[in-house]
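Peer 1: Provided herewith: input.cif, mmCIF, C-alpha atoms.
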data_start
#
loop_
_atom_site.label_atom_id
_atom_site.label_comp_id
_atom_site.auth_asym_id
_atom_site.auth_seq_id
_atom_site.Cartn_x
_atom_site.Cartn_y
_atom_site.Cartn_z
CA ASN I 247 -39.09 -25.95 12.50
CA ALA I 248 -36.50 -26.20 9.74
CA GLY I 249 -34.24 -23.29 10.54
CA VAL I 250 -30.71 -22.85 9.26
CA MET I 251 -28.78 -25.97 10.24
CA GLN I 252 -25.05 -25.97 10.69
CA ASN I 253 -22.83 -28.92 11.49
CA PRO I 254 -20.79 -29.76 13.25
CA ARG I 255 -21.43 -27.42 16.19
CA HIS I 256 -17.88 -27.87 17.40
CA LEU I 257 -14.86 -28.87 15.38
CA VAL I 258 -11.31 -29.39 16.58
CA ARG I 259 -8.52 -29.62 14.05
CA ARG I 260 -4.75 -29.81 14.33
CA ARG I 261 -2.66 -27.28 12.48
CA GLY I 262 -2.32 -28.28 8.84
CA GLN I 263 -5.53 -30.31 8.68
CA GLU I 264 -8.61 -29.44 6.67
CA ALA I 265 -11.87 -28.18 8.14
CA ARG I 266 -15.24 -28.61 6.41
CA LEU I 267 -18.21 -26.69 7.73
CA ARG I 268 -21.71 -27.45 6.45
CA CYS I 269 -24.78 -25.29 6.23
CA SER I 270 -28.30 -26.25 5.18
CA PRO I 271 -30.38 -23.11 4.56
CA MET I 272 -33.98 -22.66 5.59
CA LYS I 273 -36.48 -24.36 3.34
CA GLY I 274 -37.09 -22.29 0.24
CA HIS I 275 -34.03 -20.09 0.73
CA SER I 276 -31.51 -20.04 -2.09
CA HIS I 277 -29.22 -17.29 -0.77
CA VAL I 278 -26.50 -18.29 1.68
CA TYR I 279 -23.98 -16.14 3.53
CA TRP I 280 -20.98 -17.11 5.64
CA TYR I 281 -19.70 -14.91 8.45
CA ARG I 282 -16.81 -15.35 10.87
CA GLN I 283 -16.66 -14.07 14.43
CA LEU I 284 -13.26 -13.86 16.04
CA PRO I 285 -13.11 -13.63 19.85
CA GLU I 286 -14.29 -10.25 21.20
CA GLU I 287 -15.24 -9.04 17.72
CA GLY I 288 -18.36 -8.64 15.61
CA LEU I 289 -19.32 -10.83 12.69
CA LYS I 290 -17.32 -10.32 9.52
CA PHE I 291 -18.79 -11.11 6.12
CA MET I 292 -16.92 -13.78 4.18
CA VAL I 293 -18.93 -14.91 1.15
CA TYR I 294 -22.38 -14.82 -0.45
CA LEU I 295 -23.58 -17.69 -2.61
CA GLN I 296 -26.62 -18.64 -4.59
CA LYS I 297 -27.19 -22.12 -5.89
CA GLU I 298 -24.03 -23.14 -7.79
CA ASN I 299 -22.76 -19.54 -7.92
CA ILE I 300 -20.45 -17.39 -5.82
CA ILE I 301 -21.89 -13.89 -5.94
CA ASP I 302 -19.60 -11.99 -3.57
CA GLU I 303 -16.45 -13.38 -1.99
CA SER I 304 -14.92 -10.06 -1.00
CA GLY I 305 -14.50 -11.16 2.62
CA MET I 306 -12.78 -14.45 1.94
CA PRO I 307 -9.07 -14.77 2.67
CA LYS I 308 -7.17 -15.14 -0.59
CA GLU I 309 -5.69 -18.51 0.26
CA ARG I 310 -6.84 -21.73 1.92
CA PHE I 311 -10.52 -20.76 2.09
CA SER I 312 -13.19 -21.82 -0.38
CA ALA I 313 -16.96 -22.09 -0.41
CA GLU I 314 -19.55 -23.80 -2.52
CA PHE I 315 -23.31 -24.20 -2.67
CA PRO I 316 -24.08 -27.09 -5.01
CA LYS I 317 -27.36 -27.70 -6.74
CA GLU I 318 -28.06 -30.51 -4.30
CA GLY I 319 -26.93 -30.59 -0.70
CA PRO I 320 -25.65 -28.11 1.82
CA SER I 321 -23.30 -25.20 1.40
CA ILE I 322 -19.73 -26.05 2.39
CA LEU I 323 -17.06 -23.72 3.76
CA ARG I 324 -13.70 -25.39 3.40
CA ILE I 325 -10.50 -24.32 5.13
CA GLN I 326 -7.34 -26.06 4.06
CA GLN I 327 -4.18 -26.31 6.16
CA VAL I 328 -5.76 -24.65 9.16
CA VAL I 329 -3.72 -22.37 11.41
CA ARG I 330 -4.36 -21.18 14.97
CA GLY I 331 -5.69 -17.87 13.69
CA ASP I 332 -8.56 -19.69 11.98
CA SER I 333 -10.04 -20.51 15.39
CA ALA I 334 -13.37 -18.70 15.45
CA ALA I 335 -17.11 -19.13 15.29
CA TYR I 336 -18.36 -19.50 11.73
CA PHE I 337 -21.97 -18.58 11.09
CA CYS I 338 -24.09 -19.32 8.10
CA ALA I 339 -27.20 -17.34 7.23
CA SER I 340 -29.83 -17.74 4.55
CA SER I 341 -32.48 -15.53 3.03
CA LEU I 342 -35.29 -15.75 0.51
CA ASN I 343 -33.65 -13.03 -1.55
CA PRO I 344 -30.94 -10.39 -0.98
CA ASP I 345 -33.48 -7.79 0.16
CA THR I 346 -35.05 -9.81 2.96
CA GLU I 347 -33.85 -10.57 6.46
CA ALA I 348 -31.20 -13.21 6.84
CA PHE I 349 -31.70 -15.98 9.39
CA PHE I 350 -28.64 -17.36 11.10
CA GLY I 351 -27.66 -20.85 12.12
CA GLN I 352 -26.19 -21.65 15.52
CA GLY I 353 -22.67 -21.60 14.19
CA THR I 354 -19.69 -23.92 14.08
CA ARG I 355 -16.97 -23.26 16.61
CA LEU I 356 -13.65 -24.19 15.10
CA THR I 357 -10.69 -24.71 17.39
CA VAL I 358 -7.26 -25.26 15.88
CA VAL I 359 -4.79 -26.90 18.23
CA ASP Q 104 -11.88 0.29 8.58
CA GLN Q 105 -14.80 -0.04 10.98
CA GLN Q 106 -17.81 1.21 9.03
CA VAL Q 107 -20.29 0.31 11.76
CA LYS Q 108 -19.34 1.12 15.33
CA GLN Q 109 -20.88 0.29 18.65
CA ASN Q 110 -18.79 2.29 21.05
CA SER Q 111 -20.22 0.89 24.26
CA PRO Q 112 -19.00 -2.66 24.85
CA SER Q 113 -21.45 -3.15 27.70
CA LEU Q 114 -24.56 -1.70 29.31
CA SER Q 115 -26.27 -2.55 32.58
CA VAL Q 116 -29.85 -1.50 33.40
CA GLN Q 117 -32.45 -2.32 36.00
CA GLU Q 118 -35.43 -4.45 35.10
CA GLY Q 119 -38.36 -2.31 34.00
CA ARG Q 120 -36.19 0.62 32.91
CA ILE Q 121 -35.28 1.63 29.38
CA SER Q 122 -32.23 0.21 27.61
CA ILE Q 123 -30.70 2.37 24.88
CA LEU Q 124 -28.10 0.82 22.60
CA ASN Q 125 -26.26 3.04 20.17
CA CYS Q 126 -24.66 2.55 16.79
CA ASP Q 127 -22.77 4.88 14.47
CA TYR Q 128 -21.87 4.35 10.83
CA THR Q 129 -19.64 6.06 8.33
CA ASN Q 130 -20.82 4.83 4.92
CA SER Q 131 -23.54 7.08 3.49
CA MET Q 132 -24.42 4.33 0.98
CA PHE Q 133 -25.97 2.20 3.74
CA ASP Q 134 -29.72 2.23 3.25
CA TYR Q 135 -30.97 -0.55 5.50
CA PHE Q 136 -30.15 -1.21 9.14
CA LEU Q 137 -30.84 -4.18 11.36
CA TRP Q 138 -30.45 -5.16 14.99
CA TYR Q 139 -29.62 -8.72 16.00
CA LYS Q 140 -29.61 -10.27 19.44
CA LYS Q 141 -27.20 -13.06 20.33
CA TYR Q 142 -27.06 -15.41 23.27
CA PRO Q 143 -23.82 -17.28 24.07
CA ALA Q 144 -23.21 -20.33 21.88
CA GLU Q 145 -26.11 -19.44 19.59
CA GLY Q 146 -26.47 -17.66 16.29
CA PRO Q 147 -27.73 -14.07 16.00
CA THR Q 148 -31.50 -13.64 15.99
CA PHE Q 149 -33.10 -10.88 13.96
CA LEU Q 150 -34.86 -8.28 16.12
CA ILE Q 151 -35.90 -5.25 14.14
CA SER Q 152 -34.88 -3.29 11.07
CA ILE Q 153 -35.29 0.15 9.55
CA SER Q 154 -35.02 1.51 6.06
CA SER Q 155 -33.15 4.74 5.48
CA ILE Q 156 -36.36 6.39 4.26
CA LYS Q 157 -37.76 6.17 7.78
CA ASP Q 158 -36.62 7.63 11.07
CA LYS Q 159 -38.42 5.27 13.42
CA ASN Q 160 -39.69 1.71 13.49
CA GLU Q 161 -41.46 0.12 16.41
CA ASP Q 162 -42.20 -3.51 17.25
CA GLY Q 163 -43.58 -4.19 20.69
CA ARG Q 164 -40.99 -3.29 23.32
CA PHE Q 165 -38.36 -2.55 20.66
CA THR Q 166 -37.99 0.73 18.80
CA VAL Q 167 -35.22 1.68 16.42
CA PHE Q 168 -34.46 5.33 15.67
CA LEU Q 169 -32.41 6.49 12.69
CA ASN Q 170 -30.73 9.90 12.41
CA LYS Q 171 -29.30 10.00 8.90
CA SER Q 172 -27.68 13.40 9.23
CA ALA Q 173 -25.74 12.19 12.26
CA LYS Q 174 -25.23 8.69 10.80
CA HIS Q 175 -26.52 7.31 14.06
CA LEU Q 176 -29.11 4.77 15.08
CA SER Q 177 -30.29 3.52 18.40
CA LEU Q 178 -32.32 0.63 19.75
CA HIS Q 179 -34.67 1.31 22.65
CA ILE Q 180 -36.01 -1.54 24.76
CA VAL Q 181 -38.73 -0.63 27.19
CA PRO Q 182 -39.45 -2.05 29.64
CA SER Q 183 -36.25 -4.06 29.87
CA GLN Q 184 -36.53 -7.65 31.09
CA PRO Q 185 -33.88 -10.04 32.44
CA GLY Q 186 -34.40 -12.23 29.36
CA ASP Q 187 -33.16 -9.34 27.22
CA SER Q 188 -29.65 -9.89 28.60
CA ALA Q 189 -27.58 -10.75 25.54
CA VAL Q 190 -25.16 -9.26 23.03
CA TYR Q 191 -26.80 -6.85 20.59
CA PHE Q 192 -25.33 -6.27 17.15
CA CYS Q 193 -26.11 -3.41 14.85
CA ALA Q 194 -25.75 -4.21 11.14
CA ALA Q 195 -25.99 -2.22 7.93
CA ARG Q 196 -26.48 -3.06 4.28
CA VAL Q 197 -25.70 -1.27 1.05
CA GLY Q 198 -28.93 -1.66 -0.88
CA SER Q 199 -27.48 -0.96 -4.27
CA SER Q 200 -24.99 -3.78 -3.90
CA ASN Q 201 -27.78 -6.35 -4.25
CA THR Q 202 -25.71 -8.89 -2.37
CA GLY Q 203 -27.44 -8.85 0.99
CA LYS Q 204 -24.02 -8.47 2.59
CA LEU Q 205 -24.24 -7.12 6.13
CA ILE Q 206 -21.62 -5.05 7.93
CA PHE Q 207 -21.77 -5.65 11.68
CA GLY Q 208 -20.71 -3.57 14.63
CA GLN Q 209 -18.65 -5.08 17.43
CA GLY Q 210 -21.65 -5.66 19.66
CA THR Q 211 -22.89 -4.34 23.02
CA THR Q 212 -23.45 -6.72 25.91
CA LEU Q 213 -26.66 -5.80 27.72
CA GLN Q 214 -27.25 -6.96 31.26
CA VAL Q 215 -30.69 -6.43 32.74
CA LYS Q 216 -30.67 -6.82 36.51
CA PRO Q 217 -33.77 -8.15 38.28
#
So that I can check it, write out the structure of this file as structure tokens.
Peer 2:
Amino acid sequence: NAGVMQNPRHLVRRRGQEARLRCSPMKGHSHVYWYRQLPEEGLKFMVYLQKENIIDESGMPKERFSAEFPKEGPSILRIQQVVRGDSAAYFCASSLNPDTEAFFGQGTRLTVV
Amino acid sequence: DQQVKQNSPSLSVQEGRISILNCDYTNSMFDYFLWYKKYPAEGPTFLISISSIKDKNEDGRFTVFLNKSAKHLSLHIVPSQPGDSAVYFCAARVGSSNTGKLIFGQGTTLQVKP
């Protein structure tokens, strides 16, 4: 059952380090979304990508955050120079197209110490 | 700017009774609504959805009702089971945006007591 795969499940980084979160979409899905869930809050949209293209990055912080979805390989969410406020659960979702239901991965829990 | 609101952080019901989870929205451009269920340390799982052209959608024990004039939707679970205990998120999408971007509510924690 090849669902949406995220790794690592847990990631601990010291302040100032870089965090790389990976997401492999479901087989056949070319649309990937990243969401962030802060403690006691709902999921907040960050970015929507198709293969090799960023379609909507309206939820991405202006600095330190970047995302890519290369032709080959998983989608990567990259956070440079992490700060304590970046500690959250980061979820990736994929869909067949923008009009169909998105399926979520199990998330990566980032802790910045 | 909370466009999708779930005003009840938690709900407790007895097994076998009905659970009603509520959701309000402010953006009249939303045309598709979804409910997700989430267990701790897992990702959200899609439950049921409804298009704005409908006022009801049913799938087994789950029914979603949409009241467009009130900008309100609700999820009914009947009968409730202990395994339904989880956090439930309401989400909305602007169809014309063609991005698939979802706006989530804050979630309601449902506890079903045996």
Peer 1: Compute the set of chain Q residues within 8 Å of chain I, using only C-alpha atoms, and express it as a short mmCIF file (atom, residue, chain, number, x, y, z; two decimals) with C-alpha atoms, in the frame of the given file.
Peer 2:
data_model
loop_
_atom_site.label_atom_id
_atom_site.label_comp_id
_atom_site.auth_asym_id
_atom_site.auth_seq_id
_atom_site.Cartn_x
_atom_site.Cartn_y
_atom_site.Cartn_z
CA ALA Q 144 -23.21 -20.33 21.88
CA GLU Q 145 -26.11 -19.44 19.59
CA GLY Q 146 -26.47 -17.66 16.29
CA PRO Q 147 -27.73 -14.07 16.00
CA THR Q 148 -31.50 -13.64 15.99
CA PHE Q 149 -33.10 -10.88 13.96
CA PHE Q 192 -25.33 -6.27 17.15
CA GLY Q 198 -28.93 -1.66 -0.88
CA ASN Q 201 -27.78 -6.35 -4.25
CA THR Q 202 -25.71 -8.89 -2.37
CA GLY Q 203 -27.44 -8.85 0.99
CA LYS Q 204 -24.02 -8.47 2.59
CA LEU Q 205 -24.24 -7.12 6.13
CA ILE Q 206 -21.62 -5.05 7.93
CA PHE Q 207 -21.77 -5.65 11.68
CA GLY Q 208 -20.71 -3.57 14.63
CA GLN Q 209 -18.65 -5.08 17.43
CA GLY Q 210 -21.65 -5.66 19.66
#
Peer 1: Which residues come within 7 Å of Leu150 (chain Q), counting all atoms listed in the file, excluding same-chain residues fewer than 6 positions away, as an NGL selection string?
Peer 2: :Q and (138-140)
Peer 1: Distance CA of Ser122 (chain Q)-CA of Asn110 (chain Q), one decimal place?
Peer 2: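 CA of Ser122 (chain Q) sits 15.1 Å away from CA of Asn110 (chain Q).
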Peer 1: Please provide the set of residues having any atom within 10 Å of Asn170 (chain Q), restricted to all atoms listed in the file, with same-chain residues fewer than 5 positions apart removed, written as a PDB file with C-alpha atoms, in the frame of the given file.
Peer 2:
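Output saved as around.pdb:
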ATOM      1  CA  ASP Q 127     -22.770   4.880  14.470  1.00  0.00           C
ATOM      2  CA  SER Q 155     -33.150   4.740   5.480  1.00  0.00           C
ATOM      3  CA  LYS Q 157     -37.760   6.170   7.780  1.00  0.00           C
ATOM      4  CA  ASP Q 158     -36.620   7.630  11.070  1.00  0.00           C
ATOM      5  CA  LYS Q 159     -38.420   5.270  13.420  1.00  0.00           C
ATOM      6  CA  HIS Q 175     -26.520   7.310  14.060  1.00  0.00           C
ATOM      7  CA  LEU Q 176     -29.110   4.770  15.080  1.00  0.00           C
ATOM      8  CA  SER Q 177     -30.290   3.520  18.400  1.00  0.00           C
TER       9      SER Q 177
END
Peer 1: What's the separation between CA of Glu314 (chain I) and CA of Asn299 (chain I), in Å to one decimal place?
Peer 2: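 Spanning CA of Glu314 (chain I) to CA of Asn299 (chain I) is a straight-line distance of 7.6 Å.
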Peer 1: What's the separation between CA of Lys171 (chain Q) and CA of Glu303 (chain I), in Å to one decimal place?
Peer 2: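 Pair CA of Lys171 (chain Q) / CA of Glu303 (chain I) returns 28.8 Å.
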Peer 1: Which polymer residues have any atom within 7 Å of an atom of Val328 (chain I), counting only C-alpha atoms, with same-chain residues fewer than 5 positions away left out, as number ranges by chain?
Peer 2: I: 261-264, 358
Peer 1: Which neighbours of Tyr128 (chain Q) fall inside 9 Å, counting all atoms listed in the file, when residues of the same chain fewer than 3 positions from it are skipped, and could you give them as a list in words?
Peer 2: Gln105, Gln106, Val107, Lys108, Gln109, Ser131, Phe133, Ala173, Lys174, His175, Leu176, Ala195 and Gly208 of chain Q
Peer 1: Here is a test: counting all atoms listed in the file, which residue of I:Gln327, I:Phe315, I:Gln252, I:Met306 is nearest to Arg282 (chain I)?
Peer 2: I:Met306
Peer 1: Can you list, as a PyMOL selection string, every protein, DNA or RNA residue that comes within 8 Å of region 185-189 of chain Q when you count only C-alpha atoms, leaving out same-chain residues fewer than 2 positions away?
Peer 2: chain Q and resi 118+140-143+183+191+212-217
Peer 1: Where does the PyMOL selection byres ((chain Q and resi 154) around 7) land in this file, that is, which residues does it pick, as a list in words?
Peer 2: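 Applying the expression gives Asp134, Tyr135, Phe136, Ser152, Ile153, Ser155, Ile156 and Lys157 of chain Q.
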Peer 1: So which one's closest to Ile123 (chain Q), Q:Leu169, Q:Val197, Q:Ile180, Q:Val190? Using all atoms listed in the file, please.
Peer 2: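 Of all the options, Q:Ile180 lies closest to Ile123 (chain Q).
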Peer 1: Given the PyMOL selection byres ((chain I and resi 326) around 12) and the file above, list the residues it selects as number ranges by chain.
Peer 2: I: 259-267, 307-313, 323-325, 327-329, 332, 358
